[in-house]
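Notes to accompany the following structure.
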Amino acid sequence: MSVAEISKGKPAEVAGRPRPSLAPLRNFAAVPGRGVLLTAGSIAIAFLSWQVLSTFIFNPFLIPPPLEVIRTAIPMILSGEILADVSISMSRVLVGFAFGSLAAIVFGVLLGRLQLLHDLLDPIIELMRYLSPTAMIPIAVIWFGIGELSKYFLIFWGTFFIVLVNTIAGVWRAPIARQRAAECLGANQLQIFVLVVIPSAAPYIVTGMRVAMASSFMSIIPAEILAADSGIGYLLQKSSMLLQTNRIFVALLTICLLGFVFDRIFRFLVARTLARFMSFVAVT
Amino acid sequence: MLQLDKVRKVFPAAPEPYVALDGVDLEVADGEILCLLGPSGCGKSTLLNVLAGFERPSAGSVSCRGAPVRGAGRDRVMFFQDAGSALFPWLNVEENVRFGLRVRKVPKAQWAGIIDNYLRMVDLDRHRNKFPAQLSGGMRQRLQIARALAVEPAVLLMDEPFAALDALTRRRIHAVLLEIWQRTGKTIVFVTHDIAEAITLGDRIGIMSAGPCSIISKIIDLDLPRPRDLADPAVARLFNDIERLLAPDIARAEERAAH
């Protein structure tokens, strides 16, 4: 075989003996829509095992089988009950997340740039970021009651520290060569900051926001369980009190789906609007 | 053009301050290529940073066209070895070049002409919509050249810009750089640790001693016509002379690095 052929990545053929038997399996990697097929397969297997386990092995009251869960879900969906809980929970997540991210980016960009301010505040931030939103629920209820404000606050709290730490790291890691290059080209300090440092930090900021989004989904549930009269968390709490395991499972499934869909939407929006700031992450 | 007078650069360090440069005298004439050659850690980059104005000398003076250097100036543009971090990866080829025109408030009507001119000069005009991540290493360095030339500096300061390129790409970009230099008459200070590169490019070669307390120990005039072929006996002799000259300093630099 010639060098050119090797470099083109042609598979080496064993002289005179092609082996077609394995070809379909190997070619599966190239099947279009392979990812979708595998995902569907994974979900199908999970549902099947769940159905079998809860019907024949475990107590179906403790682990209701999926068909039972779906049967419970349909009227909840049709009556709008689920939608109402979902939308109230999501609006809490979105408001808290948006304000938390915004505050963290503004604050983080300043702390990343002003060394003295950073050194002064960093120890406090390092201590406070261990206060999870869940730990803050009791005091939030006292401060803000069980209305919307306390939930906004808790999501804000969880988002803020995650995005803050990432933003500071991103600003710090804006390559010195890039800033100096901009300076040589004639940029002043403000231009270097706005046109070079902040775009350089964008991948870190967006990554922080994605993590914070996931964490917001985790923290809204305990917040609603302990201090709310609406939302998915409240649905869980209420169903638990009434021993309605079917309804608990509907709520749990809803959380899974929502988190997944939100992350997809987030990634789609980032790809749509910030692609040029994210595309170089792999480049040194 | 560029003048350094008894430049000292001391960095605070424990247990004692590190003297990177200890009295460097240097004059760079208008339109010449001066290569600074020396073992790693000899303060070449520090010297270049002082020339660029990124670092202030601890003692001595630096001037450009008679005016003392007090920070990065519009007349001197620095090149970096790591183009991946020096370029703006969120801007495409054309926008990278445009950046300098925008921040220097060059009238908008001239942008297209200037960008076309320099992209053609470095042979990147067919790739103007690509992003740096989509370019090869050599193309990224050529983009750095175009971006710098577009703001029309008098001096190019180049910090081992081609050290990370493979040998063939490096030869090609040397030819591009020399052609541009012949056409534009820029003054170039080129830092390298590659003897062949210094001989290929330089009008003069400044040999730096190993750090700490580096100085420019010798300046060699290259009275050889370009392009210079390493197989040419005169060039080969020069190569060997320089190699012999550097040998003790390379050994010293290695000893230091081992600590």
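Residue numbers start at 1 in each chain; chains themselves are named A, B, ... in the order of the structure tokens; ligands are numbered from 1 in the order shown.
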Pull out every residue of chain A sitting within 12 Å of chain B, counting only C-alpha atoms, and send them as a CSV table (one decimal) with C-alpha atoms, in the first residue's frame.
chain,number,residue,atom,x,y,z
A,173,ARG,CA,-7.3,33.9,32.0
A,174,ALA,CA,-7.7,36.4,29.1
A,175,PRO,CA,-4.3,35.8,27.5
A,176,ILE,CA,-1.8,38.5,28.3
A,177,ALA,CA,-0.5,38.2,24.7
A,178,ARG,CA,-3.9,39.1,23.3
A,179,GLN,CA,-4.3,42.1,25.6
A,180,ARG,CA,-0.8,43.3,24.6
A,181,ALA,CA,-1.5,42.7,20.9
A,182,ALA,CA,-4.6,44.9,21.2
A,183,GLU,CA,-2.6,47.6,23.1
A,184,CYS,CA,0.0,47.6,20.2
A,185,LEU,CA,-2.7,47.9,17.7
A,186,GLY,CA,-3.8,51.1,19.5
A,187,ALA,CA,-6.5,50.1,21.9
A,188,ASN,CA,-6.8,52.0,25.1
A,189,GLN,CA,-7.4,50.4,28.5
A,190,LEU,CA,-11.2,50.6,28.2
A,191,GLN,CA,-11.2,49.1,24.7
A,192,ILE,CA,-8.9,46.3,25.8
A,194,VAL,CA,-14.5,45.7,26.6
A,195,LEU,CA,-13.3,44.4,23.2
A,196,VAL,CA,-10.7,41.8,24.3
A,197,VAL,CA,-10.9,40.8,28.0
A,198,ILE,CA,-14.7,40.3,28.2
A,199,PRO,CA,-15.0,38.3,24.9
A,200,SER,CA,-12.1,36.2,26.0
A,201,ALA,CA,-13.9,35.4,29.2
A,202,ALA,CA,-17.2,34.5,27.4
A,203,PRO,CA,-16.7,30.7,27.3
A,274,LEU,CA,-22.5,33.3,20.9
A,275,ALA,CA,-21.0,30.7,18.5
A,276,ARG,CA,-18.1,32.8,17.6
A,277,PHE,CA,-17.1,33.3,21.2
A,278,MET,CA,-17.4,29.6,22.0
A,279,SER,CA,-15.9,28.0,18.9
A,280,PHE,CA,-12.3,28.6,20.0
A,281,VAL,CA,-12.5,26.8,23.4
A,282,ALA,CA,-10.6,23.9,22.0
A,283,VAL,CA,-7.9,26.2,20.6
A,284,THR,CA,-5.0,27.0,22.9
message: I'd like to know which residues of region 61-263 of chain A are alpha helix (DSSP H) (by DSSP, run on the backbone); could you write them as an NGL selection string?
response: :A and (66-78 or 81-113 or 115-128 or 133-144 or 148-172 or 176-185 or 189-191 or 198-226 or 232-241 or 245-263)
Compile the contact shell of Leu53 (chain A) as a PDB file with C-alpha atoms, in the first residue's frame: residues with an atom at most 9 Å away, counting only C-alpha atoms, same-chain residues fewer than 5 positions apart removed.
ATOM      1  CA  LEU A  48     -39.159  -1.887  29.942  1.00  0.00           C
ATOM      2  CA  PHE A  58     -41.112  -4.569  43.897  1.00  0.00           C
ATOM      3  CA  PRO A  60     -46.116  -1.464  42.697  1.00  0.00           C
ATOM      4  CA  ILE A  63     -42.596   2.011  42.655  1.00  0.00           C
ATOM      5  CA  PRO A  65     -45.012   1.012  36.916  1.00  0.00           C
TER       6      PRO A  65
END
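The space between CA of Gly108 (chain A) and CA of Leu120 (chain A) spans 13.5 Å.
Shortest atom-to-atom contact with Ala210 (chain B) among B:Ala29, B:Val62, B:Leu245, B:Lys130: B:Leu245, counting only C-alpha atoms.
The spacing separating CA of Leu252 (chain A) from CA of Ala212 (chain A) amounts to 20.1 Å.
In this structure, CA of Ser91 (chain A) sits 9.1 Å away from CA of Tyr152 (chain A).
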task: Quick one: everything within 12 Å of Asn166 (chain A), counting only C-alpha atoms, minus sequence neighbours fewer than 6 positions away in the same chain. Send it as a ChimeraX atom specification.
output: /A:101,104-105,107-109,111-112,159-160,172-173,201-212
- request: Quick one: everything within 9 Å of Glu197 (chain B), counting only C-alpha atoms, minus sequence neighbours fewer than 5 positions away in the same chain. Send it as a list of chain:residue names.
  value: B:Cys35, B:Arg170, B:Arg171, B:His174, B:Thr192, B:Gly202
For the residues in that selection, give me N, CA and C atoms as a PDB file, in the first residue's frame.
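Contents of out-v3.pdb, as written:
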ATOM      1  N   CYS B  35      18.525  40.561  14.415  1.00  0.00           N
ATOM      2  CA  CYS B  35      18.103  39.343  15.107  1.00  0.00           C
ATOM      3  C   CYS B  35      18.806  39.265  16.438  1.00  0.00           C
ATOM      4  N   ARG B 170       8.025  27.242   8.040  1.00  0.00           N
ATOM      5  CA  ARG B 170       8.866  28.330   8.513  1.00  0.00           C
ATOM      6  C   ARG B 170       9.644  28.945   7.347  1.00  0.00           C
ATOM      7  N   ARG B 171      10.167  28.084   6.466  1.00  0.00           N
ATOM      8  CA  ARG B 171      10.906  28.595   5.298  1.00  0.00           C
ATOM      9  C   ARG B 171      10.012  29.487   4.457  1.00  0.00           C
ATOM     10  N   HIS B 174       9.387  32.799   6.167  1.00  0.00           N
ATOM     11  CA  HIS B 174      10.582  33.651   6.093  1.00  0.00           C
ATOM     12  C   HIS B 174      10.595  34.412   4.775  1.00  0.00           C
ATOM     13  N   THR B 192      15.121  35.139  18.393  1.00  0.00           N
ATOM     14  CA  THR B 192      15.077  33.720  18.039  1.00  0.00           C
ATOM     15  C   THR B 192      16.158  32.963  18.801  1.00  0.00           C
ATOM     16  N   GLY B 202      18.581  38.109   9.211  1.00  0.00           N
ATOM     17  CA  GLY B 202      19.174  39.310   9.787  1.00  0.00           C
ATOM     18  C   GLY B 202      20.104  40.105   8.882  1.00  0.00           C
TER      19      GLY B 202
END
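Residues in contact with region 122-125 of chain B at up to 9 Å, not including ones fewer than 6 positions away on its chain and judged by only C-alpha atoms, are B:Val93, B:Glu94, B:Ile115, B:Asp116, B:Met139, B:Arg142, B:Leu143, B:Ile145, B:Ala146, B:Ile173, B:Val176, B:Leu177, B:Ile180.
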query: So which residues touch Met213 (chain A) within 9 Å, counting only C-alpha atoms, skipping near sequence neighbours fewer than 4 positions away, as number ranges by chain?
result: A: 93-94, 97, 159, 208-209, 217-218, 259, 262-263, 266
Go ahead and save the picked residues with C-alpha atoms, as a compact mmCIF listing (two decimals), in the first residue's frame.
# COMPACT_ATOMS: atom_id res chain seq x y z
CA VAL A 93 -36.01 29.64 38.02
CA LEU A 94 -35.79 32.06 35.11
CA PHE A 97 -31.28 32.80 37.19
CA THR A 159 -26.71 31.15 40.54
CA GLY A 208 -20.72 28.87 34.57
CA MET A 209 -24.26 29.80 33.52
CA PHE A 217 -33.28 23.23 38.82
CA MET A 218 -31.95 21.35 41.83
CA GLY A 259 -34.03 20.02 33.01
CA PHE A 262 -33.92 23.68 29.32
CA ASP A 263 -30.31 22.65 28.86
CA PHE A 266 -29.78 27.04 26.53
- request: Check region 10-109 of chain B with DSSP on the backbone and list each residue it calls strand (DSSP E or B), as an NGL selection string.
  value: :B and (10-11 or 18-28 or 33-37 or 59-64 or 67-68 or 76-79)
Produce a file of the selected residues containing C-alpha atoms, as an mmCIF file, in the first residue's frame.
data_model
loop_
_atom_site.group_PDB
_atom_site.id
_atom_site.type_symbol
_atom_site.label_atom_id
_atom_site.label_comp_id
_atom_site.auth_asym_id
_atom_site.auth_seq_id
_atom_site.Cartn_x
_atom_site.Cartn_y
_atom_site.Cartn_z
ATOM 1 C CA VAL B 10 15.555 43.603 37.683
ATOM 2 C CA PHE B 11 12.570 41.462 38.703
ATOM 3 C CA TYR B 18 16.583 38.468 39.561
ATOM 4 C CA VAL B 19 18.734 40.613 37.288
ATOM 5 C CA ALA B 20 17.489 39.776 33.796
ATOM 6 C CA LEU B 21 19.328 42.468 31.849
ATOM 7 C CA ASP B 22 22.509 44.065 33.122
ATOM 8 C CA GLY B 23 23.465 47.034 31.008
ATOM 9 C CA VAL B 24 22.308 46.403 27.467
ATOM 10 C CA ASP B 25 23.433 48.895 24.835
ATOM 11 C CA LEU B 26 21.853 48.621 21.429
ATOM 12 C CA GLU B 27 21.112 50.724 18.407
ATOM 13 C CA VAL B 28 18.780 49.590 15.686
ATOM 14 C CA ILE B 33 16.490 43.503 10.525
ATOM 15 C CA LEU B 34 18.267 42.883 13.787
ATOM 16 C CA CYS B 35 18.103 39.343 15.107
ATOM 17 C CA LEU B 36 18.648 38.725 18.799
ATOM 18 C CA LEU B 37 20.073 35.271 19.305
ATOM 19 C CA ALA B 59 17.730 51.664 34.942
ATOM 20 C CA GLY B 60 18.972 53.076 31.692
ATOM 21 C CA SER B 61 16.923 54.511 28.863
ATOM 22 C CA VAL B 62 14.979 53.365 25.828
ATOM 23 C CA SER B 63 14.047 55.638 22.975
ATOM 24 C CA CYS B 64 12.360 55.348 19.643
ATOM 25 C CA ALA B 67 11.511 60.077 21.967
ATOM 26 C CA PRO B 68 11.753 58.110 25.216
ATOM 27 C CA ARG B 76 5.946 49.565 17.493
ATOM 28 C CA VAL B 77 3.893 46.417 17.076
ATOM 29 C CA MET B 78 4.716 43.187 18.863
ATOM 30 C CA PHE B 79 4.319 39.696 17.423
#
